[in-house]
file model_0.pdb (PDB, C-alpha atoms)
ATOM      1  CA  MET A 114       4.578 115.714 116.564
ATOM      2  CA  ASN A 115       6.375 112.839 114.827
ATOM      3  CA  PRO A 116       4.389 109.651 114.246
ATOM      4  CA  SER A 117       5.240 106.669 116.431
ATOM      5  CA  PRO A 118       7.306 103.840 114.887
ATOM      6  CA  ALA A 119       4.201 101.628 114.864
ATOM      7  CA  ALA A 120       2.127 104.271 113.066
ATOM      8  CA  SER A 121       4.892 104.888 110.520
ATOM      9  CA  PHE A 122       5.177 101.178 109.933
ATOM     10  CA  GLU A 123       1.437 100.797 109.362
ATOM     11  CA  GLY A 124       1.499 103.502 106.699
ATOM     12  CA  TRP A 125       4.457 101.839 104.987
ATOM     13  CA  LEU A 126       2.828  98.406 105.196
ATOM     14  CA  ASN A 127      -0.380  99.763 103.672
ATOM     15  CA  SER A 128       1.654 101.097 100.742
ATOM     16  CA  ILE A 129       3.414  97.729 100.348
ATOM     17  CA  ASN A 130       0.038  95.962 100.252
ATOM     18  CA  ARG A 131      -1.353  98.411  97.720
ATOM     19  CA  ILE A 132       1.623  98.373  95.361
ATOM     20  CA  CYS A 133       3.131  94.894  95.705
ATOM     21  CA  ASP A 134       0.991  92.234  97.378
ATOM     22  CA  ARG A 135      -0.504  91.306 100.740
ATOM     23  CA  PHE A 136       1.958  91.191 103.659
ATOM     24  CA  GLY A 137       1.819  91.363 107.412
ATOM     25  CA  GLY A 138       4.700  92.309 109.652
ATOM     26  CA  GLN A 139       6.003  94.611 112.334
ATOM     27  CA  ALA A 140       8.587  97.229 113.196
ATOM     28  CA  THR A 141      11.528  95.491 114.892
ATOM     29  CA  GLY A 142      12.978  98.540 116.641
ATOM     30  CA  THR A 143      12.362 102.126 117.648
ATOM     31  CA  ALA A 144      14.324 103.482 114.658
ATOM     32  CA  PHE A 145      12.013 102.095 111.967
ATOM     33  CA  GLN A 146      12.222 103.766 108.575
ATOM     34  CA  GLY A 147      10.355 102.805 105.446
ATOM     35  CA  ASP A 148       9.530 104.101 101.996
ATOM     36  CA  ILE A 149       8.319 102.681  98.681
ATOM     37  CA  VAL A 150       8.256 104.291  95.237
ATOM     38  CA  GLU A 151       6.326 102.604  92.432
ATOM     39  CA  HIS A 152       7.303 102.718  88.771
ATOM     40  CA  ARG A 153       5.166 101.211  85.990
ATOM     41  CA  GLN A 154       5.834 101.183  82.285
ATOM     42  CA  GLY A 155       3.931  98.762  80.094
ATOM     43  CA  ALA A 156       4.677  95.214  81.220
ATOM     44  CA  LEU A 157       7.244  96.439  83.747
ATOM     45  CA  LYS A 158       5.854  96.792  87.265
ATOM     46  CA  MET A 159       8.548  97.589  89.802
ATOM     47  CA  SER A 160       9.045  99.411  93.057
ATOM     48  CA  VAL A 161      12.016 100.600  95.086
ATOM     49  CA  VAL A 162      11.601  99.611  98.733
ATOM     50  CA  GLN A 163      13.654 101.153 101.539
ATOM     51  CA  ALA A 164      13.448  99.939 105.111
ATOM     52  CA  ALA A 165      15.287  99.728 108.413
ATOM     53  CA  GLN A 166      14.275  97.758 111.513
ATOM     54  CA  ALA A 167      11.277  96.143 109.852
ATOM     55  CA  ARG A 168       9.943  92.702 109.071
ATOM     56  CA  LEU A 169       7.516  91.719 106.308
ATOM     57  CA  VAL A 170       5.842  88.339 106.641
ATOM     58  CA  ARG A 171       3.691  86.700 104.015
ATOM     59  CA  GLN A 172       1.786  83.818 105.562
ATOM     60  CA  ARG A 173      -0.790  81.422 104.148
ATOM     61  CA  GLY A 174      -3.616  83.902 104.770
ATOM     62  CA  GLU A 175      -1.917  86.604 102.689
ATOM     63  CA  VAL A 176      -1.027  84.071  99.974
ATOM     64  CA  GLU A 177      -4.679  83.066  99.621
ATOM     65  CA  GLN A 178      -5.629  86.713  98.991
ATOM     66  CA  SER A 179      -3.358  86.959  95.931
ATOM     67  CA  SER A 180      -5.199  87.714  92.714
ATOM     68  CA  ALA A 181      -2.518  86.404  90.351
ATOM     69  CA  HIS A 182       0.506  84.117  90.448
ATOM     70  CA  HIS A 183       3.806  85.897  89.957
ATOM     71  CA  PHE A 184       7.364  86.149  91.195
ATOM     72  CA  PHE A 185       9.088  89.030  92.895
ATOM     73  CA  ALA A 186      12.544  89.389  91.364
ATOM     74  CA  VAL A 187      14.227  91.193  94.267
ATOM     75  CA  PHE A 188      17.350  93.175  93.349
ATOM     76  CA  GLN A 189      19.306  94.198  96.461
ATOM     77  CA  LEU A 190      20.681  97.706  95.868
ATOM     78  CA  GLU A 191      22.018  98.679  99.303
ATOM     79  CA  GLY A 192      22.445  97.144 102.743
ATOM     80  CA  ALA A 193      21.399  93.615 103.677
ATOM     81  CA  THR A 194      18.079  91.821 103.985
ATOM     82  CA  HIS A 195      17.489  88.414 105.559
ATOM     83  CA  MET A 196      15.047  86.490 103.402
ATOM     84  CA  ARG A 197      13.338  83.148 103.841
ATOM     85  CA  GLN A 198      11.042  81.094 101.651
ATOM     86  CA  GLY A 199      10.328  77.443 102.310
ATOM     87  CA  ASP A 200      13.545  75.751 103.417
ATOM     88  CA  VAL A 201      15.697  78.497 101.863
ATOM     89  CA  ARG A 202      17.273  81.128 104.112
ATOM     90  CA  GLU A 203      19.519  83.718 102.504
ATOM     91  CA  THR A 204      21.004  87.119 103.297
ATOM     92  CA  LEU A 205      20.868  89.414 100.296
ATOM     93  CA  ARG A 206      23.648  91.968  99.994
ATOM     94  CA  ALA A 207      24.202  94.665  97.395
ATOM     95  CA  GLY A 208      24.163  93.115  93.920
ATOM     96  CA  ASP A 209      22.394  89.880  94.900
ATOM     97  CA  ILE A 210      19.068  88.908  93.302
ATOM     98  CA  MET A 211      16.407  86.540  94.612
ATOM     99  CA  PHE A 212      13.238  85.146  93.035
ATOM    100  CA  ILE A 213      10.332  84.971  95.503
ATOM    101  CA  ASP A 214       7.184  83.015  94.577
ATOM    102  CA  ASN A 215       4.098  84.930  95.736
ATOM    103  CA  HIS A 216       2.170  81.645  96.064
ATOM    104  CA  CYS A 217       4.475  80.502  98.877
ATOM    105  CA  PRO A 218       4.906  82.028 102.362
ATOM    106  CA  SER A 219       7.959  84.264 102.737
ATOM    107  CA  ASP A 220       9.747  86.419 105.298
ATOM    108  CA  PHE A 221      11.816  89.619 104.782
ATOM    109  CA  THR A 222      13.782  91.120 107.704
ATOM    110  CA  TYR A 223      15.498  94.499 107.315
ATOM    111  CA  GLU A 224      17.946  95.246 110.160
ATOM    112  CA  GLY A 225      20.029  98.249 109.149
ATOM    113  CA  HIS A 226      19.105 100.513 106.249
ATOM    114  CA  ALA A 227      18.385  98.441 103.131
ATOM    115  CA  ARG A 228      17.159  99.316  99.660
ATOM    116  CA  GLN A 229      15.718  96.871  97.132
ATOM    117  CA  LEU A 230      14.166  97.033  93.690
ATOM    118  CA  SER A 231      11.303  94.569  93.396
ATOM    119  CA  LEU A 232      10.191  93.585  89.890
ATOM    120  CA  ILE A 233       6.919  91.687  89.429
ATOM    121  CA  VAL A 234       7.419  88.845  86.934
ATOM    122  CA  PRO A 235       4.140  87.176  85.873
ATOM    123  CA  TYR A 236       4.270  83.403  86.063
ATOM    124  CA  GLU A 237       3.426  82.984  82.383
ATOM    125  CA  ARG A 238       6.469  85.051  81.361
ATOM    126  CA  VAL A 239       8.821  82.364  82.681
ATOM    127  CA  GLU A 240       6.879  79.186  81.910
ATOM    128  CA  GLY A 241       8.605  78.687  78.562
ATOM    129  CA  MET A 242      12.096  79.335  79.922
ATOM    130  CA  PHE A 243      12.165  76.836  82.782
ATOM    131  CA  LYS A 244      11.451  73.154  83.093
ATOM    132  CA  HIS A 245       7.804  72.530  83.945
ATOM    133  CA  GLY A 246       7.240  76.309  83.924
ATOM    134  CA  ALA A 247       8.566  76.776  87.444
ATOM    135  CA  ILE A 248      11.433  78.455  89.275
ATOM    136  CA  GLY A 249      12.219  76.977  92.663
ATOM    137  CA  ALA A 250      10.937  79.161  95.489
ATOM    138  CA  GLY A 251      13.577  81.374  97.053
ATOM    139  CA  GLN A 252      16.321  80.953  94.443
ATOM    140  CA  LYS A 253      19.215  83.387  94.797
ATOM    141  CA  VAL A 254      21.605  84.690  92.158
ATOM    142  CA  SER A 255      24.783  85.957  93.806
ATOM    143  CA  ALA A 256      26.297  89.312  92.919
ATOM    144  CA  GLN A 257      29.440  87.337  92.005
ATOM    145  CA  VAL A 258      27.626  85.842  89.001
ATOM    146  CA  ALA A 259      28.231  88.019  85.934
ATOM    147  CA  VAL A 260      24.611  87.976  84.727
ATOM    148  CA  ALA A 261      23.423  89.445  88.040
ATOM    149  CA  GLY A 262      25.227  92.688  87.277
ATOM    150  CA  LEU A 263      24.022  92.725  83.679
ATOM    151  CA  ALA A 264      20.386  92.177  84.696
ATOM    152  CA  THR A 265      20.597  94.888  87.350
ATOM    153  CA  GLN A 266      22.129  97.387  84.924
ATOM    154  CA  LEU A 267      19.413  96.685  82.352
ATOM    155  CA  LEU A 268      16.625  97.106  84.884
ATOM    156  CA  MET A 269      18.038 100.276  86.440
ATOM    157  CA  SER A 270      18.622 101.929  83.059
ATOM    158  CA  THR A 271      15.114 100.959  81.897
ATOM    159  CA  ARG A 272      13.627 102.473  85.043
ATOM    160  CA  LEU A 273      14.948 105.883  83.960
ATOM    161  CA  ARG A 274      13.134 105.763  80.616
ATOM    162  CA  ASP A 275       9.535 106.689  79.885
ATOM    163  CA  ASP A 276       9.411 106.113  76.131
ATOM    164  CA  LEU A 277       9.113 102.327  75.823
ATOM    165  CA  SER A 278       6.169 100.801  73.986
ATOM    166  CA  TYR A 279       4.298  97.922  75.631
ATOM    167  CA  GLY A 280       6.031  95.448  73.326
ATOM    168  CA  GLU A 281       9.446  96.905  74.153
ATOM    169  CA  SER A 282       8.723  96.690  77.884
ATOM    170  CA  GLU A 283       7.819  93.003  77.427
ATOM    171  CA  ALA A 284      11.097  92.452  75.592
ATOM    172  CA  VAL A 285      13.010  94.000  78.508
ATOM    173  CA  LEU A 286      11.182  91.738  80.970
ATOM    174  CA  ASP A 287      11.983  88.659  78.883
ATOM    175  CA  ALA A 288      15.610  89.769  78.533
ATOM    176  CA  ILE A 289      16.030  90.078  82.301
ATOM    177  CA  VAL A 290      14.557  86.625  82.923
ATOM    178  CA  GLY A 291      16.647  85.218  80.078
ATOM    179  CA  LEU A 292      19.841  86.694  81.529
ATOM    180  CA  LEU A 293      19.173  85.138  84.928
ATOM    181  CA  ARG A 294      17.982  81.787  83.589
ATOM    182  CA  PRO A 295      21.400  80.013  83.476
ATOM    183  CA  ALA A 296      22.136  80.928  87.107
ATOM    184  CA  LEU A 297      18.663  79.925  88.283
ATOM    185  CA  LEU A 298      18.852  76.583  86.457
ATOM    186  CA  ARG A 299      21.973  75.495  88.313
ATOM    187  CA  ASN A 300      19.725  74.125  91.048
ATOM    188  CA  ASP A 301      17.098  72.810  88.633
ATOM    189  CA  GLU A 302      18.070  69.127  88.822
ATOM    190  CA  PRO A 303      16.195  66.950  91.320
ATOM    191  CA  GLN A 304      17.960  66.818  94.685
ATOM    192  CA  ASP A 305      16.120  63.995  96.473
ATOM    193  CA  GLY A 306      13.470  61.316  96.116
ATOM    194  CA  GLN A 307      10.537  63.635  96.783
ATOM    195  CA  GLU A 308      11.773  66.123  94.209
ATOM    196  CA  LYS A 309      12.189  63.369  91.637
ATOM    197  CA  ALA A 310       8.624  62.207  92.372
ATOM    198  CA  TYR A 311       7.371  65.766  91.943
ATOM    199  CA  ARG A 312       9.110  66.148  88.595
ATOM    200  CA  ARG A 313       7.758  62.786  87.433
ATOM    201  CA  CYS A 314       4.215  63.810  88.385
ATOM    202  CA  VAL A 315       4.286  67.257  86.775
ATOM    203  CA  GLU A 316       5.715  65.807  83.567
ATOM    204  CA  TRP A 317       2.818  63.328  83.417
ATOM    205  CA  ILE A 318       0.281  66.045  84.260
ATOM    206  CA  ASP A 319       1.635  68.345  81.543
ATOM    207  CA  ARG A 320       1.140  65.593  78.950
ATOM    208  CA  HIS A 321      -2.525  65.150  79.972
ATOM    209  CA  LEU A 322      -3.726  68.689  80.711
ATOM    210  CA  GLY A 323      -6.197  68.631  77.834
ATOM    211  CA  GLU A 324      -8.109  65.720  79.370
ATOM    212  CA  THR A 325     -11.160  67.123  81.160
ATOM    213  CA  GLU A 326     -11.351  64.220  83.625
ATOM    214  CA  LEU A 327      -7.770  64.579  84.882
ATOM    215  CA  THR A 328      -7.728  63.964  88.658
ATOM    216  CA  PRO A 329      -5.131  63.651  91.431
ATOM    217  CA  GLU A 330      -6.094  59.989  91.744
ATOM    218  CA  GLN A 331      -5.096  59.401  88.119
ATOM    219  CA  VAL A 332      -1.797  61.173  88.688
ATOM    220  CA  ALA A 333      -0.996  59.016  91.712
ATOM    221  CA  GLN A 334      -1.935  55.811  89.905
ATOM    222  CA  HIS A 335       0.067  56.483  86.747
ATOM    223  CA  CYS A 336       3.107  57.869  88.566
ATOM    224  CA  GLY A 337       3.372  55.077  91.136
ATOM    225  CA  ILE A 338       2.863  57.164  94.253
ATOM    226  CA  SER A 339       0.334  57.035  97.087
ATOM    227  CA  MET A 340      -2.238  59.817  97.464
ATOM    228  CA  ARG A 341      -0.623  60.802 100.756
ATOM    229  CA  GLY A 342       2.779  60.957  99.115
ATOM    230  CA  LEU A 343       1.341  62.925  96.198
ATOM    231  CA  TYR A 344      -0.100  65.606  98.472
ATOM    232  CA  ARG A 345       3.138  65.742 100.433
ATOM    233  CA  VAL A 346       5.460  66.325  97.458
ATOM    234  CA  PHE A 347       3.180  69.014  95.989
ATOM    235  CA  GLY A 348       2.696  70.666  99.386
ATOM    236  CA  ARG A 349       6.445  70.996  99.588
ATOM    237  CA  HIS A 350       6.188  73.346  96.596
ATOM    238  CA  GLY A 351       3.455  75.438  98.191
ATOM    239  CA  HIS A 352       0.441  74.171  96.255
ATOM    240  CA  SER A 353      -1.901  71.195  95.989
ATOM    241  CA  VAL A 354      -2.125  68.838  93.015
ATOM    242  CA  ALA A 355      -5.463  70.350  91.978
ATOM    243  CA  GLN A 356      -4.025  73.872  92.192
ATOM    244  CA  TYR A 357      -1.097  72.884  89.985
ATOM    245  CA  ILE A 358      -3.412  71.368  87.365
ATOM    246  CA  ARG A 359      -5.711  74.409  87.360
ATOM    247  CA  ASN A 360      -2.874  76.932  87.236
ATOM    248  CA  ARG A 361      -1.011  75.121  84.449
ATOM    249  CA  ARG A 362      -4.219  74.985  82.419
ATOM    250  CA  LEU A 363      -4.782  78.694  82.973
ATOM    251  CA  ASP A 364      -1.196  79.493  82.008
ATOM    252  CA  LEU A 365      -1.575  77.536  78.763
ATOM    253  CA  CYS A 366      -4.892  79.258  78.056
ATOM    254  CA  ALA A 367      -3.117  82.599  78.537
ATOM    255  CA  GLN A 368      -0.407  81.502  76.113
ATOM    256  CA  SER A 369      -3.077  80.508  73.573
ATOM    257  CA  LEU A 370      -4.746  83.918  73.954
ATOM    258  CA  ARG A 371      -1.409  85.670  73.410
ATOM    259  CA  ASP A 372      -0.324  83.594  70.431
ATOM    260  CA  GLY A 373      -3.627  82.699  68.767
ATOM    261  CA  SER A 374      -6.054  84.624  66.624
ATOM    262  CA  ALA A 375      -8.277  87.339  68.048
ATOM    263  CA  ARG A 376     -11.160  85.510  66.348
ATOM    264  CA  ASP A 377     -10.705  82.257  68.284
ATOM    265  CA  LYS A 378     -13.731  81.510  70.427
ATOM    266  CA  MET A 379     -12.984  81.787  74.144
ATOM    267  CA  ALA A 380     -14.893  78.590  74.932
ATOM    268  CA  VAL A 381     -12.765  76.652  72.430
ATOM    269  CA  VAL A 382      -9.538  77.919  73.999
ATOM    270  CA  ALA A 383     -10.804  76.974  77.456
ATOM    271  CA  TYR A 384     -11.991  73.506  76.385
ATOM    272  CA  GLN A 385      -8.686  72.813  74.647
ATOM    273  CA  TRP A 386      -6.996  72.911  78.061
ATOM    274  CA  GLY A 387      -9.603  71.025  80.065
ATOM    275  CA  PHE A 388     -12.101  73.722  81.123
ATOM    276  CA  VAL A 389     -15.669  72.614  80.341
ATOM    277  CA  ASN A 390     -17.423  75.367  82.315
ATOM    278  CA  SER A 391     -16.977  78.784  80.682
ATOM    279  CA  SER A 392     -18.151  80.706  83.750
ATOM    280  CA  TYR A 393     -15.677  78.891  86.020
ATOM    281  CA  PHE A 394     -12.894  79.447  83.475
ATOM    282  CA  THR A 395     -13.534  83.196  83.362
ATOM    283  CA  THR A 396     -13.620  83.471  87.165
ATOM    284  CA  ALA A 397     -10.453  81.390  87.621
ATOM    285  CA  PHE A 398      -8.607  83.267  84.865
ATOM    286  CA  LYS A 399      -9.429  86.650  86.379
ATOM    287  CA  ALA A 400      -8.330  85.451  89.823
ATOM    288  CA  ARG A 401      -4.969  84.348  88.412
ATOM    289  CA  PHE A 402      -4.173  87.181  85.997
ATOM    290  CA  GLY A 403      -6.183  90.060  87.395
ATOM    291  CA  VAL A 404      -8.240  90.595  84.208
ATOM    292  CA  ALA A 405     -10.915  88.708  82.297
ATOM    293  CA  PRO A 406      -9.736  86.492  79.381
ATOM    294  CA  SER A 407     -11.210  88.892  76.806
ATOM    295  CA  GLU A 408      -9.314  91.850  78.272
ATOM    296  CA  TYR A 409      -6.125  89.795  78.472
ATOM    297  CA  ARG A 410      -6.361  88.930  74.765
ATOM    298  CA  LYS A 411      -6.871  92.590  73.809
ATOM    299  CA  ARG A 412      -3.407  93.361  75.167
ATOM    300  CA  TYR A 413      -1.845  91.225  72.442
ATOM    301  CA  HIS A 414      -4.141  91.784  69.440
TER     302      HIS A 414
END

call {"tool": "encode", "arguments": {"input": "model_0.pdb", "output": "structure tokens"}}
result
Amino acid sequence: MNPSPAASFEGWLNSINRICDRFGGQATGTAFQGDIVEHRQGALKMSVVQAAQARLVRQRGEVEQSSAHHFFAVFQLEGATHMRQGDVRETLRAGDIMFIDNHCPSDFTYEGHARQLSLIVPYERVEGMFKHGAIGAGQKVSAQVAVAGLATQLLMSTRLRDDLSYGESEAVLDAIVGLLRPALLRNDEPQDGQEKAYRRCVEWIDRHLGETELTPEQVAQHCGISMRGLYRVFGRHGHSVAQYIRNRRLDLCAQSLRDGSARDKMAVVAYQWGFVNSSYFTTAFKARFGVAPSEYRKRYH
């Protein structure tokens, strides 16, 4: 006896949640089909997702269950997928690429048969390549852009190899992000007053991250914006002011652990970026990166 479409979907969704991240969703027709194959090699964590007549929805509840901040770089291999994040609605067709922020709600709808390769890109891997360490949620790189084809070829050829060292896999990840950077930065300039206010605030925050008493009230005061306006412009990007401050501090701590000496005291690294409570720092770091700070440092030393 063949499983019902609903039962088949539940099995597929469970695999998505185990391999990628937390999603909800539903089968959208009686001809649902779904499959996912995971491939991991060093820093490269990717999966090939196939689906037909299915919808994946990532709402605020699923976002809050995320253990680490990352992007899904979604490479459309076959068919078409309707994707939405924030105010962005796009249809991905073969050759298109889209960056999805896992800290923002999103929606994937597969009508006919579609196949995608989803690459997990840790937030800290892109912080040095983009202004303020952020890619806009839901940014698409069209198949018509030359670097889209180059990035896809590199990723697909790498997926067939099993002999890369961890350092080489990191280099491949950086190369893919670097290839796509010019296309993603085309929309990097502020588009309206709220976006300009957001950029002004994050620039001020980034200059004061080492100050332990940094508060949203200080940000509002120094950037000439009301508290209500401050919460509104940050909410538009899927996070609060406090979340941005904490996550930027954690990202800079991670960078210090990667680039610094293995003998540096963890408490000193944490204090350098505004964390005065070592226990809180360890808990927050593990929630963001999936491992304790000491284990994270061992990967690079």

call {"tool": "atom_distance", "arguments": {"input": "model_0.pdb", "atom1": "atom CA of Gln163 of chain A", "atom2": "atom CA of Leu190 of chain A"}}
result
9.7 Å

call {"tool": "resolve_selection", "arguments": {"input": "model_0.pdb", "expression": "the PyMOL selection byres ((chain A and resi 208) around 6)", "output": "PyMOL selection string"}}
result
chain A and resi 189+207+209+256

call {"tool": "residues_near_point", "arguments": {"input": "model_0.pdb", "point": "(8.8, 97.8, 111.8)", "cutoff": "6 Å", "atoms": "only C-alpha atoms", "output": "MDAnalysis selection string"}}
result
chainID A and resid 122 139:141 145 166:168

call {"tool": "resolve_selection", "arguments": {"input": "model_0.pdb", "expression": "the PyMOL selection byres ((chain A and resi 369) around 12)", "output": "ChimeraX atom specification"}}
result
/A:237,362-368,370-379,381-386,406,409-410,413

call {"tool": "closest_residue", "arguments": {"input": "model_0.pdb", "among": "A:Ala380, A:Leu267, A:Ala156, A:Leu205", "to": "Phe188 of chain A", "atoms": "all atoms listed in the file"}}
result
A:Leu205

call {"tool": "atom_distance", "arguments": {"input": "model_0.pdb", "atom1": "atom CA of Gln334 of chain A", "atom2": "atom CA of Val389 of chain A"}}
result
23.7 Å

call {"tool": "resolve_selection", "arguments": {"input": "model_0.pdb", "expression": "the PyMOL selection byres ((chain A and resi 288) around 12)", "output": "MDAnalysis selection string"}}
result
chainID A and resid 157 234 238:239 242 260 263:268 271 281:287 289:294

call {"tool": "atom_distance", "arguments": {"input": "model_0.pdb", "atom1": "atom CA of Gly306 of chain A", "atom2": "atom CA of Tyr357 of chain A"}}
result
19.6 Å

call {"tool": "closest_residue", "arguments": {"input": "model_0.pdb", "among": "A:Thr325, A:Val346, A:Ser407, A:Ser353", "to": "Gly387 of chain A", "atoms": "only C-alpha atoms"}}
result
A:Thr325

call {"tool": "residues_around", "arguments": {"input": "model_0.pdb", "residues": "His182 of chain A", "least_positions_apart": "5", "cutoff": "7 Å", "atoms": "all atoms listed in the file", "output": "ChimeraX atom specification"}}
result
/A:215-216,235-236,401

call {"tool": "axis_aligned_box", "arguments": {"input": "model_0.pdb", "around": "segment 176-181 of chain A", "padding_each_side": "4 Å", "output": "lines of an AutoDock Vina configuration file"}}
result
center_x = -3.3
center_y = 85.4
center_z = 95.2
size_x = 12.6
size_y = 12.6
size_z = 17.6

call {"tool": "residues_around", "arguments": {"input": "model_0.pdb", "residues": "Ala181 of chain A", "least_positions_apart": "3", "cutoff": "6 Å", "atoms": "all atoms listed in the file", "output": "PDB file with C-alpha atoms, in the coordinates of the input"}}
result
ATOM      1  CA  ALA A 400      -8.330  85.451  89.823  1.00  0.00           C
ATOM      2  CA  ARG A 401      -4.969  84.348  88.412  1.00  0.00           C
ATOM      3  CA  PHE A 402      -4.173  87.181  85.997  1.00  0.00           C
ATOM      4  CA  GLY A 403      -6.183  90.060  87.395  1.00  0.00           C
TER       5      GLY A 403
END

call {"tool": "closest_residue", "arguments": {"input": "model_0.pdb", "among": "A:Asp275, A:Glu324, A:Asp220, A:Glu316", "to": "His152 of chain A", "atoms": "only C-alpha atoms"}}
result
A:Asp275

call {"tool": "residues_around", "arguments": {"input": "model_0.pdb", "residues": "Arg349 of chain A", "least_positions_apart": "3", "cutoff": "10 Å", "atoms": "only C-alpha atoms", "output": "number ranges by chain"}}
result
A: 199-200, 217, 307-308, 311, 344-346, 352-353

call {"tool": "residues_around", "arguments": {"input": "model_0.pdb", "residues": "Phe212 of chain A", "least_positions_apart": "2", "cutoff": "7 Å", "atoms": "all atoms listed in the file", "output": "ChimeraX atom specification"}}
result
/A:184-187,210,214,250-253

call {"tool": "residues_near_point", "arguments": {"input": "model_0.pdb", "point": "(-2.4, 65.1, 84.3)", "cutoff": "8 Å", "atoms": "all atoms listed in the file", "output": "list in words"}}
result
Cys314, Val315, Trp317, Ile318, Asp319, Arg320, His321, Leu322, Glu324, Leu327, Thr328, Pro329, Gln331, Val332 and Ile358 of chain A

call {"tool": "residues_around", "arguments": {"input": "model_0.pdb", "residues": "Val162 of chain A", "least_positions_apart": "4", "cutoff": "7 Å", "atoms": "all atoms listed in the file", "output": "MDAnalysis selection string"}}
result
chainID A and resid 148:150 228:230

call {"tool": "closest_residue", "arguments": {"input": "model_0.pdb", "among": "A:Arg202, A:Arg135, A:Arg274, A:His226", "to": "Ala165 of chain A", "atoms": "only C-alpha atoms"}}
result
A:His226

call {"tool": "closest_residue", "arguments": {"input": "model_0.pdb", "among": "A:Gly280, A:Glu203, A:Ser160, A:Met196", "to": "Arg412 of chain A", "atoms": "all atoms listed in the file"}}
result
A:Gly280

call {"tool": "decode", "arguments": {"input": "model_0.pdb", "residues": "segment 304-335 of chain A", "atoms": "C-alpha atoms", "output": "compact mmCIF listing (two decimals), in the first residue's frame"}}
result
# COMPACT_ATOMS: atom_id res chain seq x y z
CA GLN A 304 16.46 52.69 -1.04
CA ASP A 305 14.35 54.81 1.32
CA GLY A 306 14.37 56.83 4.52
CA GLN A 307 13.93 53.84 6.82
CA GLU A 308 16.78 51.99 5.15
CA LYS A 309 19.03 55.02 5.47
CA ALA A 310 18.13 55.24 9.18
CA TYR A 311 18.93 51.56 9.60
CA ARG A 312 22.32 51.94 7.95
CA ARG A 313 23.09 55.01 10.08
CA CYS A 314 22.21 53.10 13.25
CA VAL A 315 24.19 49.95 12.46
CA GLU A 316 27.24 52.02 11.52
CA TRP A 317 27.07 53.77 14.91
CA ILE A 318 26.51 50.46 16.73
CA ASP A 319 29.48 48.84 14.99
CA ARG A 320 31.75 51.66 16.20
CA HIS A 321 30.63 51.13 19.83
CA LEU A 322 30.28 47.36 20.16
CA GLY A 323 33.10 47.14 22.69
CA GLU A 324 31.22 49.36 25.15
CA THR A 325 29.56 47.11 27.73
CA GLU A 326 26.79 49.61 28.49
CA LEU A 327 25.62 49.96 24.87
CA THR A 328 21.80 50.16 24.83
CA PRO A 329 19.05 50.77 22.27
CA GLU A 330 18.31 54.06 24.03
CA GLN A 331 21.86 55.24 23.33
CA VAL A 332 21.54 54.23 19.69
CA ALA A 333 18.30 56.18 19.29
CA GLN A 334 19.73 59.25 21.00
CA HIS A 335 22.97 59.40 19.02
